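Heads up, input-v1.cif below (mmCIF, C-alpha atoms and all ligand atoms):
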data_protein
#
loop_
_atom_site.label_atom_id
_atom_site.label_comp_id
_atom_site.auth_asym_id
_atom_site.auth_seq_id
_atom_site.Cartn_x
_atom_site.Cartn_y
_atom_site.Cartn_z
CA MET A 146 -26.12 -15.16 15.66
CA LYS A 147 -26.91 -11.96 13.83
CA LYS A 148 -28.00 -10.33 17.07
CA ILE A 149 -24.76 -11.32 18.83
CA LEU A 150 -22.68 -9.87 15.97
CA SER A 151 -24.47 -6.54 16.07
CA LEU A 152 -24.01 -6.40 19.83
CA VAL A 153 -20.29 -6.98 19.35
CA THR A 154 -20.21 -4.25 16.72
CA LEU A 155 -22.01 -1.88 19.05
CA PHE A 156 -19.53 -2.71 21.79
CA ILE A 157 -16.56 -2.00 19.50
CA PHE A 158 -18.04 1.35 18.49
CA ALA A 159 -18.72 2.13 22.13
CA MET A 160 -15.03 1.48 22.84
CA GLY A 161 -14.12 4.07 20.22
CA ILE A 162 -12.27 1.64 17.97
CA ALA A 163 -12.38 2.51 14.29
CA VAL A 164 -13.66 -0.45 12.33
CA PRO A 165 -13.06 -0.35 8.57
CA THR A 166 -16.21 -1.13 6.59
CA PHE A 167 -16.40 -2.74 3.17
CA ALA A 168 -17.27 0.60 1.60
CA GLU A 169 -14.37 2.45 3.17
CA ALA A 170 -11.13 0.57 3.74
CA ALA A 171 -8.56 1.91 6.19
CA SER A 172 -6.22 4.52 4.79
CA GLN A 173 -2.53 3.74 4.40
CA LYS A 174 0.62 5.79 4.92
CA LEU A 175 2.98 5.80 1.96
CA ILE A 176 6.71 5.70 2.66
CA GLN A 177 9.63 7.12 0.68
CA PRO A 178 10.77 4.90 -2.25
CA ILE A 179 14.51 4.92 -1.48
CA ASN A 180 15.60 3.96 2.02
CA ASN A 181 18.63 6.19 2.46
CA ALA A 182 17.58 9.07 0.25
CA ARG A 183 18.99 12.42 -0.78
CA ILE A 184 16.67 14.92 -2.52
CA THR A 185 18.61 16.33 -5.47
CA ALA A 186 15.68 18.26 -6.96
CA GLY A 187 12.54 19.32 -5.14
CA TYR A 188 8.93 19.88 -6.12
CA LEU A 189 8.34 22.96 -8.31
CA ASN A 190 11.76 24.32 -7.34
CA THR A 191 12.31 27.79 -8.82
CA ASN A 192 16.09 27.39 -9.31
CA TYR A 193 15.41 24.17 -11.20
CA TYR A 194 12.96 25.98 -13.46
CA GLN A 195 15.48 28.76 -14.17
CA LYS A 196 18.23 26.29 -15.02
CA PHE A 197 16.32 23.71 -17.07
CA GLY A 198 13.38 25.75 -18.37
CA PHE A 199 10.64 23.40 -17.25
CA LYS A 200 8.76 22.88 -14.02
CA HIS A 201 9.68 19.95 -11.80
CA TYR A 202 6.49 18.14 -10.79
CA GLY A 203 8.16 15.52 -8.64
CA TRP A 204 11.24 14.71 -6.65
CA ASP A 205 14.64 13.53 -7.82
CA LEU A 206 16.21 11.16 -5.35
CA VAL A 207 19.53 9.38 -5.14
CA SER A 208 20.73 6.92 -2.55
CA ALA A 209 23.42 7.85 -0.06
CA THR A 210 24.67 4.25 -0.36
CA THR A 211 25.46 2.01 -3.35
CA ASP A 212 22.00 0.42 -3.02
CA ARG A 213 19.86 1.77 -5.85
CA THR A 214 16.70 -0.19 -5.01
CA VAL A 215 13.37 1.56 -5.59
CA TRP A 216 10.83 0.10 -3.15
CA GLY A 217 7.04 0.16 -3.19
CA SER A 218 5.60 2.88 -0.97
CA GLY A 219 2.72 0.80 0.41
CA LYS A 220 0.01 -1.59 -0.79
CA GLY A 221 -0.58 -1.03 -4.48
CA THR A 222 -1.15 -2.43 -7.94
CA VAL A 223 1.13 -1.99 -10.95
CA LEU A 224 -0.80 -0.20 -13.71
CA ALA A 225 1.92 0.07 -16.36
CA THR A 226 5.56 -0.74 -17.02
CA GLY A 227 7.88 -0.30 -19.96
CA TYR A 228 10.43 1.84 -21.72
CA ASP A 229 9.19 5.37 -22.34
CA ASN A 230 11.03 7.01 -25.23
CA ILE A 231 11.46 10.29 -23.31
CA LEU A 232 11.41 9.31 -19.62
CA GLY A 233 13.15 5.94 -19.81
CA ASN A 234 12.16 2.78 -17.98
CA THR A 235 8.90 3.59 -16.23
CA VAL A 236 6.67 1.97 -13.62
CA ILE A 237 3.26 3.33 -12.58
CA VAL A 238 1.70 2.05 -9.35
CA LYS A 239 -1.74 2.83 -7.92
CA TYR A 240 -1.99 3.11 -4.13
CA SER A 241 -5.56 3.14 -2.83
CA GLN A 242 -6.69 5.22 0.15
CA ALA A 243 -3.40 7.01 0.78
CA TYR A 244 -3.42 9.40 3.71
CA ILE A 245 -2.28 12.83 2.50
CA HIS A 246 -0.84 14.23 5.72
CA GLY A 247 -0.25 17.67 4.21
CA THR A 248 -3.98 18.23 3.73
CA LYS A 249 -5.33 15.63 6.20
CA THR A 250 -7.31 13.88 3.47
CA THR A 251 -7.39 10.35 2.09
CA LYS A 252 -7.13 9.81 -1.66
CA ASP A 253 -6.27 7.16 -4.22
CA VAL A 254 -2.97 8.15 -5.83
CA VAL A 255 -0.65 6.91 -8.54
CA ILE A 256 3.11 7.22 -8.43
CA ARG A 257 5.00 7.41 -11.75
CA TYR A 258 8.62 6.26 -11.48
CA ASN A 259 11.03 7.18 -14.32
CA HIS A 260 14.67 6.74 -15.48
CA LEU A 261 14.91 3.21 -14.01
CA ALA A 262 17.91 1.09 -14.99
CA SER A 263 15.75 -2.01 -14.69
CA ILE A 264 12.12 -2.88 -13.94
CA LYS A 265 11.37 -5.69 -11.45
CA VAL A 266 7.54 -5.79 -11.53
CA SER A 267 4.90 -6.41 -14.18
CA LYS A 268 1.49 -4.96 -14.99
CA GLY A 269 -1.28 -6.20 -12.69
CA GLN A 270 1.12 -7.25 -9.92
CA SER A 271 0.26 -6.42 -6.30
CA VAL A 272 3.06 -4.68 -4.42
CA THR A 273 3.85 -3.73 -0.84
CA LYS A 274 6.52 -1.56 0.74
CA ASP A 275 8.73 -4.68 0.63
CA THR A 276 8.51 -5.10 -3.16
CA THR A 277 11.43 -4.02 -5.31
CA LEU A 278 9.86 -2.02 -8.16
CA GLY A 279 13.14 -1.49 -9.96
CA ILE A 280 16.67 -0.18 -9.76
CA TYR A 281 17.09 3.52 -10.42
CA GLY A 282 19.30 4.57 -13.29
CA ASN A 283 19.92 7.02 -16.09
CA THR A 284 17.52 5.94 -18.86
CA GLY A 285 15.53 8.35 -21.03
CA LYS A 286 16.28 11.28 -23.26
CA TYR A 287 17.05 14.03 -20.75
CA SER A 288 18.41 12.24 -17.70
CA THR A 289 21.93 13.45 -16.91
CA GLY A 290 22.94 10.99 -14.19
CA ALA A 291 21.56 8.05 -12.24
CA HIS A 292 18.59 9.13 -10.13
CA LEU A 293 14.94 8.36 -9.49
CA HIS A 294 12.37 10.88 -10.74
CA PHE A 295 8.86 10.25 -9.44
CA GLU A 296 5.54 12.08 -9.41
CA ILE A 297 2.48 11.59 -7.21
CA ASP A 298 -0.88 12.21 -8.87
CA THR A 299 -4.49 11.89 -7.64
CA ASP A 300 -5.81 11.47 -11.18
CA THR A 301 -5.87 7.68 -11.10
CA ALA A 302 -8.16 7.44 -14.15
CA TYR A 303 -5.63 9.18 -16.44
CA TYR A 304 -2.60 7.85 -14.62
CA GLN A 305 -0.27 7.99 -17.62
CA TYR A 306 -0.78 11.76 -18.12
CA SER A 307 2.04 13.90 -16.69
CA PRO A 308 2.53 17.69 -16.78
CA THR A 309 6.26 17.00 -17.25
CA LEU A 310 5.75 16.23 -20.95
CA GLY A 311 4.71 18.94 -23.43
CA THR A 312 4.40 16.31 -26.16
CA SER A 313 3.07 12.81 -25.59
CA SER A 314 5.45 9.87 -25.63
CA ASN A 315 4.68 6.17 -26.01
CA ILE A 316 3.84 5.48 -22.33
CA ILE A 317 3.67 8.86 -20.63
CA LYS A 318 1.28 11.37 -22.22
CA ALA A 319 1.28 15.17 -22.05
CA GLY A 320 -1.02 16.10 -19.18
CA THR A 321 -2.04 18.92 -16.87
CA ALA A 322 -0.72 19.78 -13.43
CA GLY A 323 -3.83 20.29 -11.30
CA THR A 324 -3.92 16.85 -9.70
CA VAL A 325 -0.20 16.41 -8.94
CA LEU A 326 0.84 16.53 -5.27
CA SER A 327 4.08 17.54 -3.60
CA PRO A 328 5.77 14.36 -2.27
CA LYS A 329 6.38 16.28 0.94
CA ASN A 330 2.62 16.34 1.58
CA VAL A 331 2.22 12.60 1.06
CA LEU A 332 5.27 10.54 2.04
CA TYR A 333 6.45 9.30 5.42
CA THR A 334 9.89 8.20 6.58
CA LYS A 335 9.81 4.71 8.11
CA ASN A 336 12.82 4.83 10.35
CA SER A 337 12.25 1.43 11.99
CA SER A 338 13.59 -1.95 10.87
CA PRO A 339 13.82 -3.41 8.26
CA ASP A 340 13.49 -0.17 6.25
CA ASN A 341 15.57 2.10 8.53
CA GLN A 342 14.81 5.08 6.33
CA GLN A 343 16.47 8.48 6.33
CA ILE A 344 16.08 11.45 4.02
CA TRP A 345 18.14 14.61 3.60
CA ILE A 346 18.32 17.43 1.11
CA VAL A 347 21.55 17.78 -0.84
CA GLY A 348 21.51 21.51 -0.19
CA ASP A 349 22.61 22.88 -3.56
CA GLY A 350 19.58 25.13 -3.99
CA TYR A 351 17.34 22.80 -5.96
CA GLN A 352 15.31 21.91 -2.87
CA SER A 353 13.51 23.93 -0.21
CA SER A 354 15.33 23.90 3.14
CA THR A 355 12.48 21.95 4.79
CA GLU A 356 11.71 19.60 1.94
CA ASP A 357 13.20 16.60 3.77
CA ASP A 358 10.98 17.24 6.79
CA LEU A 359 8.74 14.16 6.41
CA PRO A 360 6.73 12.78 9.30
CA ILE A 361 8.01 9.55 10.84
CA PHE A 362 5.95 6.40 10.39
ZN ZN A 401 13.11 14.91 -11.84
#
How would this structure read if it were set down as structure tokens?
Amino acid sequence: MKKILSLVTLFIFAMGIAVPTFAEAASQKLIQPINNARITAGYLNTNYYQKFGFKHYGWDLVSATTDRTVWGSGKGTVLATGYDNILGNTVIVKYSQAYIHGTKTTKDVVIRYNHLASIKVSKGQSVTKDTTLGIYGNTGKYSTGAHLHFEIDTDTAYYQYSPTLGTSSNIIKAGTAGTVLSPKNVLYTKNSSPDNQQIWIVGDGYQSSTEDDLPIF
């Protein structure tokens, strides 16, 4: 039996089919968290920095429709949830083996979601792209309107550390910027059913003109 299996394996390799091993699972493509999204503030936008006085290490998104659902971006595990005294209702999800199309590498990442109106998942829960993580809102100390702020970070060991905070809060801690990625280098737009995703920039200067140029998945 063992001999037959190894012959089959050899045959599959000979056919050029990639077979995931136990040591290295297949990478996954992460999709945008809001289906019909508008980018209202881009990654490290210079106009944003001049106006607000701090660097923007993520994206701000709103929905072009009345649907404010924040979806999972792929297969992941919820690491933390709760009300952060500065950043509002927060969810942190770890996504293993995410394909970073901007650098053609595969990495484990966490996504930190802030300012949620409500949280729909709990710590330890497995999620997929079809899981509602929460509803975006206007919670937290400095949020000035309903939107989703999220950050993508490869430092999965210190997932609660964000360069956005200069002083640690109860959930999110003051961190460094070196491991944070631009969402444009990571996310895909899934334009097929049932997600039917689209993404556009708002175009008021707080985004780069190509920031909505995500690959289609
Ligand atoms: Zn933001």
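Here CA of Gly282 in chain A is placed at a distance of 17.1 Å from CA of Ile256 in chain A.
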Please, which residues have at least one atom within 9 Å of an atom of ligand ZN 401 (chain A), using only C-alpha atoms and all ligand atoms, listed as a PDB file with C-alpha atoms, in the frame of the given file?
ATOM      1  CA  THR A 185      18.610  16.330  -5.470  1.00  0.00           C
ATOM      2  CA  ALA A 186      15.680  18.260  -6.960  1.00  0.00           C
ATOM      3  CA  GLY A 187      12.540  19.320  -5.140  1.00  0.00           C
ATOM      4  CA  TYR A 188       8.930  19.880  -6.120  1.00  0.00           C
ATOM      5  CA  HIS A 201       9.680  19.950 -11.800  1.00  0.00           C
ATOM      6  CA  TYR A 202       6.490  18.140 -10.790  1.00  0.00           C
ATOM      7  CA  GLY A 203       8.160  15.520  -8.640  1.00  0.00           C
ATOM      8  CA  TRP A 204      11.240  14.710  -6.650  1.00  0.00           C
ATOM      9  CA  ASP A 205      14.640  13.530  -7.820  1.00  0.00           C
ATOM     10  CA  LEU A 206      16.210  11.160  -5.350  1.00  0.00           C
ATOM     11  CA  ASN A 259      11.030   7.180 -14.320  1.00  0.00           C
ATOM     12  CA  SER A 288      18.410  12.240 -17.700  1.00  0.00           C
ATOM     13  CA  HIS A 292      18.590   9.130 -10.130  1.00  0.00           C
ATOM     14  CA  LEU A 293      14.940   8.360  -9.490  1.00  0.00           C
ATOM     15  CA  HIS A 294      12.370  10.880 -10.740  1.00  0.00           C
ATOM     16  CA  PHE A 295       8.860  10.250  -9.440  1.00  0.00           C
ATOM     17  CA  GLU A 296       5.540  12.080  -9.410  1.00  0.00           C
ATOM     18  CA  THR A 309       6.260  17.000 -17.250  1.00  0.00           C
TER      19      THR A 309
END
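Of the listed residues (A:His260, A:Gly247, A:Gly217, A:Lys318), A:His260 comes nearest to Thr289 in chain A; the distances count all atoms listed in the file.
The two atoms in question, CA of Gly219 in chain A and CA of Ile176 in chain A, are spaced 6.7 Å apart.
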Within 6 Å of Asp298 in chain A using all atoms listed in the file, minus same-chain residues under 5 positions, as a PyMOL selection string: chain A and resi 254-255+324-326
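Nearest residue to Pro360 in chain A among A:Ile245, A:Ile317, A:Ile179, A:Ile297 is A:Ile245, counting all atoms listed in the file.
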Can you tell me, as an MDAnalysis selection string, what residues are no more than 12 Å from Leu224 in chain A when counting only C-alpha atoms, ignoring any on the same chain fewer than 5 positions away? chainID A and resid 235:240 254:258 266:272 301:305 316
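Using all atoms listed in the file, the residues found no farther than 12 Å from Thr250 in chain A, other than those of its own chain fewer than 3 positions away, are Ser172, Gln173, Lys174, Gln242, Ala243, Tyr244, Ile245, His246, Gly247, Asp253, Val254, Thr299, Asn330 and Val331 of chain A.
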Selected residues, C-alpha atoms, written as a compact mmCIF listing (two decimals), in the coordinates of the input, please.
# COMPACT_ATOMS: atom_id res chain seq x y z
CA SER A 172 -6.22 4.52 4.79
CA GLN A 173 -2.53 3.74 4.40
CA LYS A 174 0.62 5.79 4.92
CA GLN A 242 -6.69 5.22 0.15
CA ALA A 243 -3.40 7.01 0.78
CA TYR A 244 -3.42 9.40 3.71
CA ILE A 245 -2.28 12.83 2.50
CA HIS A 246 -0.84 14.23 5.72
CA GLY A 247 -0.25 17.67 4.21
CA ASP A 253 -6.27 7.16 -4.22
CA VAL A 254 -2.97 8.15 -5.83
CA THR A 299 -4.49 11.89 -7.64
CA ASN A 330 2.62 16.34 1.58
CA VAL A 331 2.22 12.60 1.06
To box range 184-189 of chain A, take all atoms listed in the file, fit an axis-aligned box, add 4 Å on each side, and give centre and edge lengths in Å to one decimal, as lines of an AutoDock Vina configuration file.
center_x = 13.5
center_y = 18.9
center_z = -5.4
size_x = 18.3
size_y = 16.0
size_z = 13.8
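In this comparison, which uses only C-alpha atoms, the residue of A:Thr214, A:Asn230, A:Ser327, A:Asn180 approaching Ser353 in chain A most closely is A:Ser327.
Counting only C-alpha atoms, the residue from A:Ile344, A:Lys286, A:Asn315, A:Glu356 that sits nearest to Pro328 in chain A is A:Glu356.
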With distances taken over all atoms listed in the file, which of A:Thr222, A:Asn190, A:Thr251, A:Thr276 is nearest to Pro178 in chain A? A:Thr276
For Ala182 in chain A, the nearest of the candidates A:Trp216, A:Phe197, A:Tyr287, A:Tyr306, counting all atoms listed in the file: A:Trp216
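CA of Phe362 in chain A sits 5.8 Å away from CA of Thr334 in chain A.
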Would you list the residues near (18.0, 2.2, -15.5), meaning any protein, DNA or RNA residue with an atom at most 8 Å from that point in file coordinates, counting only C-alpha atoms, as a ChimeraX atom specification? /A:233-234,260-264,280-284,291
